[in-house]
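K.L.:
This is run28.txt, which holds compact mmCIF, C-alpha atoms and all ligand atoms:
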```txt
# COMPACT_ATOMS: atom_id res chain seq x y z
CA PRO A 1 9.41 10.05 20.82
CA LEU A 2 10.06 7.47 18.10
CA LEU A 3 6.93 5.51 19.04
CA ILE A 4 4.82 8.67 19.14
CA ASN A 5 6.13 9.63 15.73
CA GLN A 6 5.29 6.23 14.32
CA LEU A 7 1.80 6.22 15.80
CA ALA A 8 1.12 9.73 14.53
CA ALA A 9 2.61 8.75 11.20
CA GLY A 10 -0.05 6.06 10.82
CA GLU A 11 -2.81 8.66 10.68
CA VAL A 12 -1.16 10.61 7.90
CA VAL A 13 0.66 7.90 6.00
CA THR A 14 -1.86 5.13 5.66
CA ARG A 15 -0.56 3.76 2.34
CA PRO A 16 1.81 4.74 -0.49
CA ALA A 17 -0.86 6.88 -2.18
CA ALA A 18 -1.13 8.97 1.00
CA VAL A 19 2.62 9.64 0.82
CA VAL A 20 2.34 10.70 -2.81
CA LYS A 21 -0.59 12.96 -1.96
CA GLU A 22 1.32 14.83 0.74
CA LEU A 23 4.42 15.25 -1.43
CA LEU A 24 2.34 16.39 -4.37
CA GLU A 25 0.53 18.95 -2.20
CA ASN A 26 3.86 20.27 -0.96
CA ALA A 27 5.04 20.73 -4.55
CA ILE A 28 1.84 22.59 -5.41
CA ASP A 29 2.13 24.75 -2.28
CA ALA A 30 5.67 25.62 -3.45
CA GLU A 31 4.09 26.97 -6.65
CA ALA A 32 5.65 24.35 -8.90
CA THR A 33 4.58 24.40 -12.55
CA ASP A 34 6.29 21.12 -13.42
CA ILE A 35 6.03 17.98 -11.29
CA ASN A 36 7.57 14.59 -12.05
CA ILE A 37 6.53 11.52 -10.09
CA HIS A 38 8.42 8.24 -10.32
CA ILE A 39 7.03 5.20 -8.57
CA THR A 40 8.42 1.68 -8.39
CA GLN A 41 6.61 -1.42 -7.09
CA GLY A 42 3.41 0.41 -6.28
CA GLY A 43 5.32 2.81 -4.05
CA MET A 44 6.78 0.02 -1.94
CA GLY A 45 10.07 0.26 -3.87
CA MET A 46 10.45 3.98 -4.37
CA ILE A 47 8.39 7.15 -4.44
CA GLN A 48 10.17 10.12 -5.96
CA ILE A 49 8.66 13.54 -6.61
CA SER A 50 10.60 16.39 -8.21
CA ASP A 51 9.24 19.89 -8.55
CA ASN A 52 10.41 23.24 -9.88
CA GLY A 53 8.86 25.18 -7.00
CA HIS A 54 10.50 27.77 -4.80
CA GLY A 55 12.61 25.25 -2.90
CA ILE A 56 13.74 25.24 0.72
CA HIS A 57 16.45 27.48 2.21
CA PRO A 58 19.40 25.44 3.59
CA ASP A 59 18.67 26.81 7.08
CA ASP A 60 15.12 25.39 6.88
CA MET A 61 15.96 21.89 5.64
CA VAL A 62 16.02 20.28 9.10
CA MET A 63 12.89 22.10 10.15
CA ALA A 64 11.09 20.80 7.06
CA ILE A 65 11.31 17.22 8.34
CA THR A 66 10.66 18.06 12.00
CA ARG A 67 7.23 17.34 13.45
CA HIS A 68 4.88 20.29 13.67
CA ALA A 69 7.26 22.46 11.74
CA THR A 70 5.53 24.25 8.94
CA SER A 71 6.40 27.40 7.07
CA LYS A 72 2.76 27.87 6.18
CA VAL A 73 1.02 28.79 9.44
CA ALA A 74 2.13 31.92 11.24
CA ASP A 75 0.06 31.08 14.31
CA ILE A 76 -2.60 28.56 15.13
CA GLY A 77 -5.34 31.14 14.66
CA THR A 78 -4.66 31.25 10.95
CA LEU A 79 -5.64 27.57 10.65
CA GLN A 80 -9.17 28.85 10.18
CA GLY A 81 -8.32 30.67 7.04
CA ILE A 82 -5.55 28.57 5.59
CA ARG A 83 -5.00 28.88 1.85
CA THR A 84 -2.28 26.32 1.22
CA LEU A 85 -2.94 22.59 0.92
CA GLY A 86 -0.58 21.62 3.74
CA PHE A 87 -0.65 23.35 7.08
CA ARG A 88 0.11 21.04 9.96
CA GLY A 89 3.79 20.52 9.32
CA GLU A 90 3.56 16.82 10.02
CA ALA A 91 3.65 15.12 6.64
CA LEU A 92 7.38 15.03 5.96
CA ALA A 93 8.15 14.17 9.60
CA ALA A 94 5.54 11.41 9.57
CA ILE A 95 6.82 9.96 6.30
CA ALA A 96 10.43 10.16 7.51
CA ALA A 97 9.46 8.25 10.67
CA VAL A 98 8.39 5.19 8.64
CA SER A 99 10.73 5.17 5.65
CA ARG A 100 14.15 6.12 4.35
CA LEU A 101 13.63 9.67 3.19
CA GLN A 102 15.97 11.82 1.15
CA LEU A 103 15.18 15.49 0.72
CA ILE A 104 17.08 17.59 -1.82
CA SER A 105 16.18 21.19 -2.36
CA SER A 106 17.53 24.35 -3.89
CA HIS A 107 15.98 27.78 -3.50
CA THR A 108 18.48 29.49 -5.85
CA ASP A 109 19.23 29.46 -9.56
CA ASP A 110 22.94 28.59 -9.16
CA GLY A 111 22.33 24.86 -9.64
CA VAL A 112 23.36 24.03 -6.07
CA GLY A 113 21.10 22.41 -3.52
CA ARG A 114 21.30 20.68 -0.15
CA GLN A 115 20.59 17.08 0.66
CA ILE A 116 19.44 15.59 3.94
CA GLN A 117 18.60 11.97 4.77
CA VAL A 118 16.47 10.37 7.48
CA ALA A 119 15.70 6.74 8.17
CA GLY A 120 13.12 6.46 10.94
CA VAL A 121 14.91 8.71 13.42
CA LEU A 122 16.28 12.16 12.76
CA ALA A 123 19.92 12.47 13.85
CA ASP A 124 20.67 15.19 16.42
CA THR A 125 22.81 17.02 13.91
CA PRO A 126 21.79 15.67 10.52
CA ALA A 127 24.32 16.13 7.74
CA LEU A 128 23.46 18.71 5.10
CA THR A 129 25.39 17.85 1.95
CA PRO A 130 25.73 20.21 -1.01
CA VAL A 131 24.55 18.55 -4.25
CA VAL A 132 23.77 19.57 -7.81
CA HIS A 133 20.07 20.47 -8.10
CA GLU A 134 18.04 22.97 -10.08
CA ARG A 135 15.77 25.33 -8.19
CA GLY A 136 13.05 23.15 -6.69
CA THR A 137 12.74 20.08 -4.55
CA THR A 138 13.18 16.32 -4.95
CA VAL A 139 11.89 13.99 -2.27
CA THR A 140 12.77 10.30 -2.51
CA ILE A 141 11.13 7.71 -0.27
CA LYS A 142 12.45 4.17 -0.12
CA ASP A 143 11.54 1.16 2.00
CA LEU A 144 8.23 2.54 3.16
CA TYR A 145 7.21 0.97 6.50
CA PHE A 146 10.59 -0.79 6.83
CA ASN A 147 10.21 -0.31 10.62
CA VAL A 148 6.42 -0.88 10.83
CA PRO A 149 5.84 -4.54 9.87
CA ALA A 150 2.10 -4.32 10.67
CA ARG A 151 1.57 -1.54 8.13
CA ARG A 152 3.67 -3.34 5.55
CA GLY A 153 1.53 -6.44 6.03
CA ASN A 154 -1.63 -4.42 5.34
CA LEU A 155 -0.50 -3.30 1.91
CA LYS A 156 -2.29 -4.76 -1.10
CA SER A 157 -0.73 -5.87 -4.38
CA VAL A 158 1.63 -3.65 -6.39
CA ALA A 159 -1.14 -3.14 -8.96
CA THR A 160 -3.67 -2.09 -6.31
CA GLU A 161 -1.33 0.30 -4.53
CA PHE A 162 -0.31 1.88 -7.82
CA ALA A 163 -3.96 2.19 -8.86
CA HIS A 164 -4.58 4.21 -5.68
CA ILE A 165 -1.58 6.40 -6.47
CA GLU A 166 -2.66 6.96 -10.05
CA ALA A 167 -6.25 7.82 -9.08
CA MET A 168 -4.99 10.28 -6.48
CA VAL A 169 -2.58 11.96 -8.92
CA ARG A 170 -5.43 12.31 -11.44
CA GLU A 171 -7.66 13.91 -8.84
CA VAL A 172 -4.98 16.41 -7.85
CA ALA A 173 -4.20 17.09 -11.52
CA LEU A 174 -7.83 18.03 -12.07
CA ALA A 175 -7.60 20.85 -9.58
CA ARG A 176 -4.65 22.46 -11.30
CA ALA A 177 -4.67 22.50 -15.09
CA ASP A 178 -1.81 25.03 -15.08
CA ILE A 179 0.69 22.45 -13.81
CA ARG A 180 2.51 19.91 -15.99
CA ILE A 181 2.36 16.51 -14.30
CA GLN A 182 4.13 13.32 -15.30
CA LEU A 183 3.75 9.95 -13.60
CA THR A 184 5.78 6.81 -14.26
CA HIS A 185 5.47 3.35 -12.73
CA ASP A 186 8.38 0.93 -12.92
CA HIS A 187 9.89 3.22 -15.58
CA LYS A 188 6.78 3.17 -17.79
CA LYS A 189 4.93 6.41 -18.49
CA ARG A 190 1.44 6.25 -16.98
CA LEU A 191 0.22 9.84 -17.03
CA SER A 192 1.48 12.83 -18.94
CA LEU A 193 -0.54 16.00 -18.54
CA ALA A 194 0.67 19.15 -20.23
CA ALA A 195 0.05 22.48 -18.57
CA GLN A 196 -2.87 24.20 -20.26
CA GLN A 197 -1.91 27.75 -21.06
CA ASP A 198 -5.47 28.99 -21.39
CA SER A 199 -6.21 28.08 -17.80
CA ALA A 200 -5.43 31.51 -16.39
CA SER A 201 -4.59 31.28 -12.72
CA ASP A 202 -7.71 33.20 -11.71
CA THR A 203 -10.14 30.78 -13.33
CA ASN A 204 -11.81 28.68 -10.77
CA HIS A 205 -11.96 25.45 -12.74
CA PRO A 206 -9.99 23.56 -15.41
CA PRO A 207 -11.22 23.30 -18.99
CA LEU A 208 -13.31 20.21 -19.73
CA SER A 209 -10.50 18.91 -21.96
CA ARG A 210 -8.22 18.60 -18.92
CA LEU A 211 -10.82 16.51 -17.14
CA GLU A 212 -11.16 14.26 -20.18
CA GLN A 213 -7.38 13.97 -20.49
CA ALA A 214 -6.79 13.31 -16.79
CA LEU A 215 -9.66 10.86 -16.37
CA GLY A 216 -9.31 9.19 -19.76
CA LEU A 217 -13.04 9.70 -20.34
CA SER A 218 -15.07 11.34 -23.05
CA LEU A 219 -17.33 13.76 -21.20
CA SER A 220 -18.22 16.61 -23.53
CA ALA A 221 -21.37 14.97 -24.93
CA SER A 222 -22.86 14.55 -21.46
CA ALA A 223 -21.59 17.71 -19.76
CA LEU A 224 -24.05 20.34 -18.52
CA PRO A 225 -22.16 23.43 -17.40
CA LEU A 226 -23.12 24.81 -14.02
CA HIS A 227 -22.30 28.27 -12.70
CA VAL A 228 -23.59 29.37 -9.34
CA ASP A 229 -23.03 32.91 -8.13
CA LEU A 230 -22.87 32.97 -4.34
CA SER A 231 -21.83 36.58 -3.99
CA SER A 232 -25.13 37.48 -2.33
CA LEU A 233 -23.97 35.37 0.63
CA LEU A 234 -20.77 37.38 1.01
CA VAL A 235 -22.40 40.46 2.43
CA ALA A 236 -24.62 38.51 4.80
CA ALA A 237 -21.77 36.34 6.11
CA ALA A 238 -19.06 38.97 6.26
CA PRO A 239 -17.68 39.70 9.72
CA THR A 240 -19.28 42.84 11.17
CA SER A 241 -15.93 44.64 11.28
CA THR A 242 -15.90 44.80 7.48
CA GLN A 243 -19.27 46.62 7.46
CA GLY A 244 -20.61 44.63 4.54
CA GLN A 245 -17.47 45.19 2.53
CA VAL A 246 -17.14 42.29 0.12
CA GLY A 247 -13.54 43.18 -0.77
CA ASP A 248 -11.75 40.77 -3.08
CA ALA A 249 -13.44 37.68 -1.59
CA SER A 250 -15.35 35.65 -4.12
CA ALA A 251 -17.94 32.96 -3.67
CA ARG A 252 -19.06 30.82 -6.56
CA ILE A 253 -19.40 27.29 -7.87
CA ASP A 254 -18.43 26.32 -11.41
CA GLY A 255 -18.27 22.99 -13.14
CA TRP A 256 -20.38 20.38 -14.83
CA LEU A 257 -23.03 17.78 -14.28
CA PHE A 258 -22.47 14.66 -16.40
CA LEU A 259 -25.70 13.04 -17.54
CA ASP A 260 -25.66 9.45 -18.76
CA ALA A 261 -21.98 9.44 -19.51
CA ASP A 262 -20.49 6.28 -21.05
CA SER A 263 -22.36 3.55 -19.19
CA ASN A 264 -19.25 1.33 -18.98
CA MET A 265 -17.35 4.06 -17.20
CA PRO A 266 -19.06 5.60 -14.22
CA ALA A 267 -19.08 9.39 -14.42
CA PRO A 268 -16.73 11.08 -11.95
CA LYS A 269 -18.15 12.57 -8.76
CA LEU A 270 -15.71 15.25 -7.72
CA ILE A 271 -16.04 18.18 -5.36
CA TYR A 272 -13.21 20.68 -5.05
CA ILE A 273 -13.22 23.47 -2.52
CA ASN A 274 -10.61 26.17 -3.16
CA GLY A 275 -8.57 23.71 -5.20
CA ARG A 276 -8.74 20.92 -2.65
CA LEU A 277 -10.54 17.67 -3.43
CA VAL A 278 -12.91 16.99 -0.57
CA LYS A 279 -15.35 14.30 0.48
CA GLU A 280 -18.32 16.23 1.76
CA PRO A 281 -21.32 13.93 2.40
CA ILE A 282 -23.56 16.93 2.98
CA ILE A 283 -22.91 18.15 -0.59
CA SER A 284 -22.82 14.75 -2.30
CA ASN A 285 -26.04 13.63 -0.56
CA GLN A 286 -27.76 16.76 -1.75
CA LEU A 287 -26.60 16.10 -5.32
CA ARG A 288 -27.77 12.50 -5.12
CA GLN A 289 -31.25 13.64 -4.14
CA LEU A 290 -31.41 16.19 -6.93
CA THR A 291 -30.09 14.18 -9.85
CA PRO A 292 -30.74 10.82 -11.53
CA GLN A 293 -28.73 7.88 -10.19
CA ALA A 294 -25.92 7.81 -12.75
CA THR A 295 -25.29 11.52 -12.85
CA GLY A 296 -21.69 12.52 -12.27
CA TYR A 297 -20.32 15.92 -11.46
CA ALA A 298 -17.16 17.95 -11.16
CA LEU A 299 -17.87 21.02 -9.07
CA TYR A 300 -15.28 23.61 -8.16
CA PHE A 301 -16.27 25.71 -5.15
CA GLN A 302 -14.54 29.03 -4.65
CA LEU A 303 -15.31 30.19 -1.12
CA PRO A 304 -13.85 32.86 1.16
CA VAL A 305 -11.31 31.22 3.45
CA HIS A 306 -12.98 32.54 6.60
CA TRP A 307 -15.99 30.33 5.81
CA LEU A 308 -13.86 27.21 6.01
CA ASN A 309 -12.45 25.17 8.82
CA LEU A 310 -10.14 22.51 7.43
CA ASN A 311 -8.95 21.34 10.80
CA VAL A 312 -11.56 18.61 11.07
CA HIS A 313 -9.70 15.47 10.05
CA PRO A 314 -6.02 14.56 9.49
CA SER A 315 -6.69 13.63 5.87
CA LYS A 316 -7.79 17.23 5.29
CA GLN A 317 -10.59 15.87 3.09
CA ARG A 318 -13.31 17.08 5.43
CA ILE A 319 -14.10 20.73 5.71
CA LYS A 320 -16.53 22.59 7.91
CA ILE A 321 -18.26 25.22 5.82
CA GLY A 322 -19.96 28.29 7.18
CA SER A 323 -23.33 29.14 5.54
CA ILE A 324 -23.52 25.63 4.10
CA SER A 325 -27.33 25.56 4.06
CA ASN A 326 -27.45 28.79 2.03
CA ILE A 327 -24.84 27.42 -0.35
CA LEU A 328 -26.82 24.19 -0.79
CA ALA A 329 -30.00 26.16 -1.49
CA HIS A 330 -28.27 28.08 -4.30
CA LEU A 331 -26.70 24.89 -5.64
CA SER A 332 -30.04 23.03 -5.64
CA HIS A 333 -31.72 25.82 -7.52
CA ALA A 334 -28.96 25.85 -10.16
CA VAL A 335 -28.99 22.06 -10.55
CA ARG A 336 -32.80 22.01 -10.98
CA SER A 337 -32.60 24.70 -13.65
CA ALA A 338 -29.74 22.97 -15.47
CA LEU A 339 -31.34 19.52 -15.66
CA PRO A 340 -33.49 18.72 -18.71
CA ILE A 341 -37.17 18.55 -17.68
CA ALA A 342 -37.49 14.82 -18.43
CA THR A 343 -34.88 13.78 -15.89
CA VAL A 344 -36.28 15.75 -12.94
P1 LIG A 401 3.16 21.33 5.72
O1 LIG A 401 2.99 21.09 4.26
O2 LIG A 401 1.94 21.01 6.49
O3 LIG A 401 3.76 22.67 6.05
P2 LIG A 401 5.11 19.23 5.53
O4 LIG A 401 5.67 18.30 6.56
O5 LIG A 401 4.40 18.63 4.39
O6 LIG A 401 4.20 20.26 6.29
O7 LIG A 401 6.29 20.14 5.00
C1 LIG A 401 7.06 20.86 5.97
C2 LIG A 401 7.66 22.10 5.33
O8 LIG A 401 8.68 21.73 4.40
C3 LIG A 401 6.70 22.94 4.53
O9 LIG A 401 6.01 23.87 5.35
C4 LIG A 401 7.62 23.66 3.53
O10 LIG A 401 8.20 24.78 4.12
C5 LIG A 401 8.72 22.63 3.32
N1 LIG A 401 8.53 21.85 2.08
C6 LIG A 401 8.13 20.58 1.99
N2 LIG A 401 8.07 20.15 0.71
C7 LIG A 401 8.43 21.21 -0.04
C8 LIG A 401 8.56 21.44 -1.47
N3 LIG A 401 8.29 20.47 -2.36
N4 LIG A 401 8.97 22.67 -1.87
C9 LIG A 401 9.23 23.65 -0.97
N5 LIG A 401 9.13 23.50 0.37
C10 LIG A 401 8.73 22.30 0.83
MG MG A 402 2.63 19.31 3.38
```
I need this file expressed as structure tokens, please.
P.N.:
Amino acid sequence: PLLINQLAAGEVVTRPAAVVKELLENAIDAEATDINIHITQGGMGMIQISDNGHGIHPDDMVMAITRHATSKVADIGTLQGIRTLGFRGEALAAIAAVSRLQLISSHTDDGVGRQIQVAGVLADTPALTPVVHERGTTVTIKDLYFNVPARRGNLKSVATEFAHIEAMVREVALARADIRIQLTHDHKKRLSLAAQQDSASDTNHPPLSRLEQALGLSLSASALPLHVDLSSLLVAAAPTSTQGQVGDASARIDGWLFLDADSNMPAPKLIYINGRLVKEPIISNQLRQLTPQATGYALYFQLPVHWLNLNVHPSKQRIKIGSISNILAHLSHAVRSALPIATV
């Protein structure tokens, strides 16, 4: 079982940034509004993420680090329509299999939490120690790949690994302007993003100022807002049982195209689907055909969950989208109308 865990772990935990991504997604799934990330030595020393989310009940602490244990999927059928970022229940188990992991969590406001530790193998009856901890969760990873020399040998320099972590944290921060996110590296502050109050939870995209803050770019001069209403597709694509009822499902795309942004800094090319950053060649290829070479974009898709199948790749960055050709047709039309005549 140890070997299987370590092999499986390789798919999920390819480098320190992948660890940070999973832990960050867990904090967001727990509805944290404040997330602190401390990294040392590019993640090879320590990765620590604290959140003020809903925490883990003491009875669920062991399950949290057990493979295929997730509190987020009631049955496999719901994978189709999953709303949370995590859903396979393998991240913490995979990370624990290749590091020394400490999980501390409290689900109450009495200042008391529980601590559990794993180093490669989970003990049959792991000790659950009471510790002082505010409501929320702190995960600390040390000695990543201590038992997988091949992986350790593949790691790049401290600066490169941290650059991957920082880029990933920025990308996640862009999806959620309502969360305060701090990132330090070797005790130096690297990113400090305040929560933006005006980003009401039902808005589909962050304000442009959050993008500028998170990316360290000046974008407002080159930003063309884009709003695409896809609600006409809802009726057509709705399951027959709903008899055309659109209900509370919404389908739209909001965001910006960035035309000739600062030529020293390439404009970002970001696609978010329901708050998840994705790499969707079918969408990015379409945008490349429609826009001049240097055009960047940040597009936030809000799509009904029954259109999506996230279970395509372990990284969860690939999504199968129902009615994709209709969506692309609407997007193309909107992009053509938004672009100044001269650039088309
Ligand atoms: P998944 O996110 O796919 O469910 P993980 O291995 O990442 O699987 O996490 C396992 C479980 O541990 C989660 O389903 C959740 O119940 C719990 N958990 C992990 N991290 C946190 C956190 N930061 N706050 C609250 N619960 C958490
Ligand atoms: Mg997870």
K.L.:
For A:Asp59, please output as a compact mmCIF listing (two decimals) with C-alpha atoms, in the coordinates of the input all residues within 12 Å (counting all atoms listed in the file; exclusion window: fewer than 2 positions along the same chain).
P.N.:
```
# COMPACT_ATOMS: atom_id res chain seq x y z
CA GLY A 55 12.61 25.25 -2.90
CA ILE A 56 13.74 25.24 0.72
CA HIS A 57 16.45 27.48 2.21
CA MET A 61 15.96 21.89 5.64
CA VAL A 62 16.02 20.28 9.10
CA MET A 63 12.89 22.10 10.15
CA ALA A 64 11.09 20.80 7.06
CA SER A 105 16.18 21.19 -2.36
CA SER A 106 17.53 24.35 -3.89
CA HIS A 107 15.98 27.78 -3.50
CA GLY A 113 21.10 22.41 -3.52
CA ARG A 114 21.30 20.68 -0.15
CA GLN A 115 20.59 17.08 0.66
CA ILE A 116 19.44 15.59 3.94
CA LEU A 128 23.46 18.71 5.10
```
K.L.:
Which residues, written as number ranges by chain, have at least one atom at most 8 Å from A:Ser192, with all atoms listed in the file counted and residues fewer than 6 positions away on the same chain left out?
P.N.:
A: 180-183
K.L.:
What is the distance, in Å and to one decimal place, between atom CA of A:His133 and atom C1 of ligand LIG 401 (chain A)?
P.N.:
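Between atom CA of A:His133 and atom C1 of ligand LIG 401 (chain A) the gap is 19.2 Å.
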K.L.:
Ranking A:Thr14, A:Ala177, A:Ile165, A:Pro130 by minimum distance to A:Ala150 and counting all atoms listed in the file, which one comes first?
P.N.:
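Ranking A:Thr14, A:Ala177, A:Ile165, A:Pro130 by distance to A:Ala150, first place goes to A:Thr14.
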K.L.:
Provide the atom CA of A:Pro149 to atom CA of A:Val13 distance in Å, to one decimal place.
P.N.:
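Taking atom CA of A:Pro149 as the start and atom CA of A:Val13 as the end point, the length is 14.0 Å.
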K.L.:
Measuring between all atoms listed in the file, which one of A:Ala251, A:Leu155, A:Val19, A:Leu191 shows the shortest distance to A:Leu101?
P.N.:
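For A:Leu101, the nearest of the given residues is A:Val19.
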K.L.:
Nearest to ligand MG 402 (chain A): which of A:Asp34, A:Glu171, A:Glu90, A:Asp186 is it, counting only C-alpha atoms and all ligand atoms?
P.N.:
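Comparing A:Asp34, A:Glu171, A:Glu90, A:Asp186 against ligand MG 402 (chain A), the winner is A:Glu90.
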K.L.:
Ligand MG 402 (chain A): which residues are within 6 Å, counting all atoms listed in the file? Reply as a list in words.
P.N.:
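I would give the residues around ligand MG 402 (chain A) as Glu22, Glu25, Asn26, Gly86 and Ala91 of chain A.
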K.L.:
Next, write the just-selected residues to a file, as a CSV table (one decimal), keeping the file's coordinate frame, keeping C-alpha atoms as the atom set.
P.N.:
```csv
chain,number,residue,atom,x,y,z
A,22,GLU,CA,1.3,14.8,0.7
A,25,GLU,CA,0.5,19.0,-2.2
A,26,ASN,CA,3.9,20.3,-1.0
A,86,GLY,CA,-0.6,21.6,3.7
A,91,ALA,CA,3.6,15.1,6.6
```
K.L.:
Return as lines of an AutoDock Vina configuration file the centre and edge lengths, in Å with one decimal, of the box along x, y and z that encloses every atom of ligand LIG 401 (chain A) in the file, padded by 4 Å per side.
P.N.:
```
center_x = 5.6
center_y = 21.5
center_z = 2.1
size_x = 15.3
size_y = 14.5
size_z = 16.9
```
